[in-house]
Amino acid sequence: MFLLPSLALLVGIGLAPFFYVLLLSFHRYRLTWTDRPWEFVGLDNYRYVMNWERFWDAAWNTIVFAVGTTLLSFAVGFALALFLSQRFKGRGILRALVIIPLLIPPVSVGLMWRFILHPLLGLVPWIIKNVTGATVSFFETPAMAMFSLILIDAWEWFPFMFLVLLAGLESLPREPYEAAYVDGASRYQIFRHITLPLMRPVIAVAILLKFLISLKVYDIIYTVTTGGPGTATETLSYLIYRQTFAYFWVDRGSAMALVYEYLIILFAVLFVKYALVKARMG
Amino acid sequence: MASVRLVKVRKIFHTPRGEVTAVDDVNLEVRDGEFLVLLGPSGCGKTTTLRMIAGLETPTSGEIYIGDRLVNDLHPKDRDVAMVFQNYALYPHMRVRDIIAFPLKIRKYPQEEIERRVREVAEMLKIEHLLDRRPRELSGGEQQRVALGRAIVRRPKVFLMDEPLSNLDAKLRVVMRAELKKLQKNLGVTTIYVTHDQVEAMTMADRIAVMNKGRIVQLGTPKELFTRPANTFVAGFIGSPPMNMIECSLDEGKNLLDCGALKYRLDPDAGLTLRSKGVTEVILGIRPQHVLIERGKRPDAVAQAPIYVVEPMGTETIVNFKLGETMIRAVIPADIDVEAGEVWNIVFPRDRVYLFDKKSGELVA
Amino acid sequence: MNTKVVITAIVAIVVIVAAVLLLTRGGEQASTTIRLYMEDMVETAYLEKLLPEFEEQTGIKVIIEKASYEVMREKLISVFKSSEGYYDVIIVDNPWVAEFAEAGWLVPLDDFIAENPQLNVDDYLTSLWWTVGKYWKDGKVYMLPWYNYALALMYRTDLVNTPPRDWMEFYNLAKQLTDPQKDFYGVAAQARRGYKVVEEGLNYVYGFGGRVFDASLRPVINSSQAVEALLLYGRVVFETAPPGAINWEFDEAFQAAQSGKAAMMITYNWMIGALNNPEQSQTAGKWMVAPVPGGYAVLGAWGWAIPHNAPNKEAAFKFLAWVASPETEKKLALMGHAPVRKSTFLDPEVIQKYPYMKTLLEVVDNSLPIVPPVTVGEQIVHILGQYFSESLLHVKDFEEGKISEEEAKALIKQELDKAAQEIYELMKTEGYYEEQVQLPPPWGPG
């Protein structure tokens with residue numbers, strides 16, 4: 001009995017929109033249609049999406065982006081978490097400083113970095129020019145544009161990785177560390193044989209979370225490259241957004257969103273099954 | 001193998017509530033191959049002392065030597081000590097085989113050597129069948145053995161053991177006690193063993209260092225500690241049930257100790273010693289095993305009193321008397337029938353009585 | 001005791017606040033209020049300064065809700081789709097007007113125009129009249145022009161003697177002025193994929209005689225003129241603009257220009273004001289405006305419209321009658337507003353304050369809307385944006401010597417073929433080719 005209200009809420013909030021989108025994906029319908037009824041078209045929308053080269057290009061871009069930013073933000077976040085899990089004066093202030101990027105709205109992050117990377121007025125190109133003498137253009141080529149986006153996104157998200165991994169580090173048991181220390185292990189050996197294996201479940205969760213979040217990236221693409229140059233940085237979320245809200249083709253957008261969702265779910269299930277279970281087994 | 005020497009070692013912890021002196025000018029020499037127990041109540045500094053020897057804590061002042069080497073600033077890997085932790089501190093993610101092999105692996109021993117040694121140790125500790133399990137699949141006793149295995153596999157100069165048996169159930173503890181002692185004698189490795197359990201200390205130690213409030217209050221063989229406790233602390237800590245301690249004042253003229261509800265006549269020598277040392281307030285100590293009780297009247301009885309409580313222990317019986325505010329315990333053979341309420345005479349044999357200075361707690365006579 | 005006091009105080013405060021809110025609401029209901037939904041930008045600020053005048057004249061209170069451009073389209077849809085209206089007057093970007101009108105979301109303004117002859121709609125420049133949808137489909141008017149954003153050439157008078165008249169001249173001059181050693185460039189280009197690359201690149205296409213559509217609305221963006229135009233555009237971007245301009249938006253380009261890193265810039269004609277404003281520009285006073293090289297410029301415009309579900313249409317019309325009047329536009333123009341009426345451009349007072357007004361008139365007069373008022377304007381801009389951007393990447397390869405000029409042209413042609421094909425299919429789905437249409441000049445290839 002007590003379950004009923006929460007069940008209703010779950011259905012209302014979680015499932016109703018899903019079924020709406022599912023239904024839409026089998027019809028032809030645009031937001032600008034006021035009087036025309038939905039037109040049933042079967043699998044037409046799906047056929048279109050599956051055969052649309054740009055959808056798969058965007059899928060590939062999304063994966064490249066997500067893998068890149070996940071690895072980069074993980075590397076930076078983990079290094080900082082290891083550093084700031086040690087005891088020393090000023091640690092609290094440094095910890096607070098590290099999470100600042102997380103507090104800046106993504107749209108502002110994009111704008112800010114556009115100017116930090118501005119070839120004539122930006123700080124980073126200025127430093128590079130003064131150190132190496134080379135002029136670097138961060139968005140000139142498709143590869144550079146993708147790299148720069150990854151850089152910006154990783155900057156925004158490394159504090160998230162830092163917080164998750166720091167929480168993991170702080171909750172590790174102390175005893176194995178003391179045991180390993182007395183057993184004669186060096187700092188590196190302790191990291192390699194104790195910290196890393198003990199952190200594996202936390203690392204797996206952090207990477208999974210960040211990867212899933214990265215797959216949905218939109219704000220930064222919108223503010224920094226709008227998917228360009230060409231379609232080099234067009235991700236699935238961006239493509240779907242354009243179809244749905246800029247073109248009002250909610251039918252095709254729905255089909256794309258669902259295909260995308262299936263892909264994500266498939267990935268998440270595989271990841272949980274292999275990485276997480278394996279991490280728990282040690 | 002090596003001796004361990006502590007010279008004026010002191011450890012001060014800085015806590016939010018101020019400085020706490022955990023270890024206060026400890027001097028100690030552990031002989032090569034000796035089994036030395038650091039005994040004391042919790043918070044007495046024994047574990048901190050052990051951790052300083054292990055290298056987990058740095059002494060605030062003083063010197064620690066292993067063999068002839070000053071080790072204050074040495075990394076544990078250069079001290080060549082092995083430690084067994086109270087909660088075993090096994091690596092949760094490794095198999096037993098890898099846990100035992102770990103100290104050798106990080107020292108880059110050849111693989112065959114590692115395998116051979118692990119096999120030997122596993123055989124010695126009878127844990128060959130556990131080698132492929134992980135810690136959480138092991139019982140407490142099995143984990144204990146693995147922890148031991150990890151310590152002995154690399155044949156260190158010194159074993160450090162921090163209450164290694166305290167997490168085991170009573171029965172297993174008795175078994176492990178004996179095994180551990182035998183193992184230590186077979187290996188001949190200098191061992192420093194921390195415990196708060198005086199039975200463990202008495203049964204296993206070659207020598208015991210009793211610690212209280214950061215200091216070593218007595219160092220000696222178990223027998224010495226039992227028969228010649230240097231002060232009331234040691235006297236009260238060692239022996240079960242604990243020694244009866246009765247506060248008395250010296251009645252100088254009569255060579256008599258006035259202990260409230262009971263009177264104790266000193267032998268002349270003891271009286272002389274007390275007087276020569278100027279001690280008038282005395283704590284009279286006698287172990288319950290040495291208190292004699294008689295139904296019939298005895299001239300040398302210190303008191304005559306009704307039995308307050310009887311505690312049968314099987315092989316023996318503990319009889320409690322209440323004299324005013326003072327409780328006196330006596331241990332008697334189980335075949336003597338006693339009942340609460342019966343009046344008995346209590347006798348303190350003179351050669352079994354310890355006299356302590358009430359002010360300093362030191363043994364006087 | 002204390003808790004009681006606190007509770008009493010809280011209750012008292014709640015009651016007072018509620019009373020105040022009710023009273024003020026009551027006050028609002030007594031006089032009429034209309035709500036405007038507008039973009040948060042400088043033109044809106046000019047209008048706000050003038051609003052008290054309208055409120056005094058009519059007693060109608062005006063509330064303006066401002067949003068950034070990025071969210072406007074989405075927000076407008078939710079406004080149109082809701083059963084109860086909220087906004088009385090909105091502004092609409094010209095690529096959207098046909099789409100919104102076709103969906104039945106905008107109120108036709110023909111009757112209103114007929115009843116208000118003082119509005120004098122013939123005063124609107126022809127090019128701007130094109131953006132609002134007049135001469136289109138049902139022939140009705142759904143929006144009144146508010147301000148134009150025709151593209152023009154900004155140039156540094158200390159570096160450029162006479163502004164270039166065609167794109168080749170422009171390219172040569174820009175190349176001559178470029179000196180990467182000194183961090184100085186001929187053009188602060190803005191070739192970001194999306195609206196920007198179209199607003200810039202399409203000027204080149206127009207200048208080469210290309211068009212997006214022919215007079216019968218068939219896409220002709222894959223013409224050889226367009227290919228030549230984009231090749232040259234790419235050469236400008238990669239040879240004479242700062243590195244990374246392929247991803248630049250207005251902000252990056254403006255900062256480069258105002259800080260003295262570039263000699264020329266193609267941007268909205270009224271940006272001349274900002275470039276010469278010492279508060280915004282380190283190079284103020286050194287800039288002049290001219291028509292884009294090649295003659296025809298890309299034109300955009302925002303206009304006033306009334307949503308079909310406006311709660312207070314009567315007051316909305318009153319507001320429209322005031323805001324679109326020649327008198328109001330003149331007052332706004334004196335503040336810096338970008339005019340849409342010929343009379344304003346030619347007004348002596350306005351010219352006295354802004355001597356370049358005649359040049360701006362020339363710019364807007366010789367401009368063609370970025371897209372014709374069709375129901376898929378937004379999509380067409382984005383299709384063009386994507387393939388223009390792809391084309392630039394081919395020019396990049398040519399610049400780096402990876403491909404020859406002929407190969408680059410062939411690849412650009414391929415991209416534009418795809419753009420034309422997509423636009424054709426899009427238009428066809430929308431039913432545009434069921435009847436034959438014939439557009440008057442300047443539509444169709446020039």
# chains A, B, ... in the order shown; residues from 1 in each chain; ligands from 1
$ residues_around --residues "range 161-165 of chain B" --least-positions-apart "3" --cutoff "7 Å" --atoms "only C-alpha atoms" --output "list in words"
Thr47, Met83, Val84, Phe85, Gln86, Leu168, Arg173, Ile192, Tyr193, Val194 and Thr195 of chain B
$ interface_residues --of "chain B" --to "chain A" --cutoff "7 Å" --atoms "only C-alpha atoms" --output "VMD selection string"
chain B and resid 54 76 to 77 82 to 83 89 to 91 93 103 106
$ closest_atom_pairs --of "chain A" --to "chain C" --cutoff "7 Å" --atoms "only C-alpha atoms" --output "Markdown table"
| residue | atom | partner | partner_atom | distance |
| --- | --- | --- | --- | --- |
| A:Thr32 | CA | C:Ala103 | CA | 5.2 |
| A:Trp33 | CA | C:Ala103 | CA | 6.0 |
| A:Thr34 | CA | C:Ala103 | CA | 6.1 |
| A:Pro119 | CA | C:Pro243 | CA | 6.3 |
| A:Leu120 | CA | C:Asp183 | CA | 6.9 |
| A:Ser137 | CA | C:Gly244 | CA | 5.2 |
| A:Phe138 | CA | C:Gly244 | CA | 6.5 |
| A:Phe139 | CA | C:Gly244 | CA | 5.2 |
| A:Glu140 | CA | C:Gly244 | CA | 4.6 |
| A:Thr225 | CA | C:Asn247 | CA | 6.2 |
| A:Thr226 | CA | C:Arg193 | CA | 6.2 |
| A:Gly228 | CA | C:Arg193 | CA | 5.3 |
| A:Pro229 | CA | C:Ser389 | CA | 5.6 |
| A:Gly230 | CA | C:Glu390 | CA | 4.1 |
| A:Thr231 | CA | C:Gln386 | CA | 6.9 |
| A:Phe245 | CA | C:Glu74 | CA | 6.3 |
| A:Tyr247 | CA | C:Gln379 | CA | 6.0 |
$ residues_around --residues "Tyr142 in chain C" --least-positions-apart "5" --cutoff "10 Å" --atoms "only C-alpha atoms" --output "list in words"
Val92, Val97, Ala98, Phe100, Ala101, Trp105, Leu106, Val107, Pro108, Leu109, Asp110, Val132, Gly133, Lys134, Gly303, Trp304, Ala305, Ile306 and Pro307 of chain C
$ write_last_selection --atoms "C-alpha atoms" --output "tab-separated table (two decimals), in the first residue's frame"
chain	number	residue	atom	x	y	z
C	92	VAL	CA	11.11	36.62	-34.00
C	97	VAL	CA	8.82	33.61	-39.20
C	98	ALA	CA	7.35	31.50	-42.00
C	100	PHE	CA	5.81	29.97	-36.95
C	101	ALA	CA	3.20	31.54	-39.19
C	105	TRP	CA	1.34	30.51	-33.97
C	106	LEU	CA	1.39	34.16	-35.06
C	107	VAL	CA	-1.44	36.64	-35.45
C	108	PRO	CA	-1.72	38.09	-38.99
C	109	LEU	CA	-1.09	41.82	-38.92
C	110	ASP	CA	-2.74	42.94	-42.19
C	132	VAL	CA	9.01	39.45	-42.71
C	133	GLY	CA	7.23	37.27	-45.22
C	134	LYS	CA	5.34	39.82	-47.28
C	303	GLY	CA	10.72	41.58	-36.02
C	304	TRP	CA	7.74	42.18	-33.76
C	305	ALA	CA	5.00	39.58	-33.64
C	306	ILE	CA	2.01	38.68	-31.51
C	307	PRO	CA	1.59	35.03	-30.47
$ residues_around --residues "Asn167 in chain B" --least-positions-apart "5" --cutoff "10 Å" --atoms "only C-alpha atoms" --output "ChimeraX atom specification"
/B:86-88,140-141,144,172-173
$ closest_residue --among "A:Ala96, A:Ile128, A:Leu102, A:Ala246" --to "Trp96 in chain C" --atoms "only C-alpha atoms"
A:Ala246
$ residues_around --residues "Asn45 in chain A" --least-positions-apart "6" --cutoff "12 Å" --atoms "only C-alpha atoms" --output "PyMOL selection string"
chain A and resi 22-29+39+51-52+249-259
$ residues_around --residues "Met202 in chain B" --least-positions-apart "6" --cutoff "10 Å" --atoms "only C-alpha atoms" --output "ChimeraX atom specification"
/B:37,39,208,221-223,225-226,238-239
$ closest_residue --among "C:Gln118, C:Thr44, C:Thr178, C:Thr58" --to "Ala324 in chain C" --atoms "only C-alpha atoms"
C:Gln118
$ residues_around --residues "Ser367 in chain C" --least-positions-apart "4" --cutoff "10 Å" --atoms "only C-alpha atoms" --output "MDAnalysis selection string"
chainID C and resid 126:128 150:152 203 206 291:292 295:300 362:363 442
$ select_by_dssp --residues "range 46-187 of chain B" --states "strand (DSSP E or B)" --output "PyMOL selection string"
chain B and resi 61-66+69-70+81-84+158-162
$ write_last_selection --atoms "C-alpha atoms" --output "short mmCIF file (atom, residue, chain, number, x, y, z; two decimals), in the first residue's frame"
data_model
loop_
_atom_site.label_atom_id
_atom_site.label_comp_id
_atom_site.auth_asym_id
_atom_site.auth_seq_id
_atom_site.Cartn_x
_atom_site.Cartn_y
_atom_site.Cartn_z
CA SER B 61 63.83 11.58 21.40
CA GLY B 62 66.10 8.68 22.33
CA GLU B 63 67.70 5.95 20.29
CA ILE B 64 66.60 2.60 19.03
CA TYR B 65 69.17 0.00 18.04
CA ILE B 66 68.65 -3.25 16.24
CA ARG B 69 72.63 -0.32 14.20
CA LEU B 70 70.86 2.89 15.11
CA VAL B 81 61.78 -6.59 11.29
CA ALA B 82 58.43 -8.31 10.74
CA MET B 83 55.23 -7.42 12.47
CA VAL B 84 52.05 -9.30 13.28
CA VAL B 158 63.13 -9.42 14.93
CA PHE B 159 59.45 -10.35 15.24
CA LEU B 160 57.13 -7.72 16.54
CA MET B 161 53.73 -8.91 17.65
CA ASP B 162 50.93 -6.59 18.66
#
$ atom_distance --atom1 "CA of Val343 in chain B" --atom2 "CA of Glu294 in chain B"
9.3 Å
$ select_by_dssp --residues "range 132-202 of chain C" --states "alpha helix (DSSP H)" --output "list in words"
Val132, Trp167, Met168, Glu169, Phe170, Tyr171, Asn172, Leu173, Ala174, Lys175, Gln176, Leu177, Tyr195, Lys196, Val197, Val198, Glu199, Glu200, Gly201 and Leu202 of chain C
$ atom_distance --atom1 "CA of Ile266 in chain C" --atom2 "CA of Pro106 in chain A"
29.2 Å
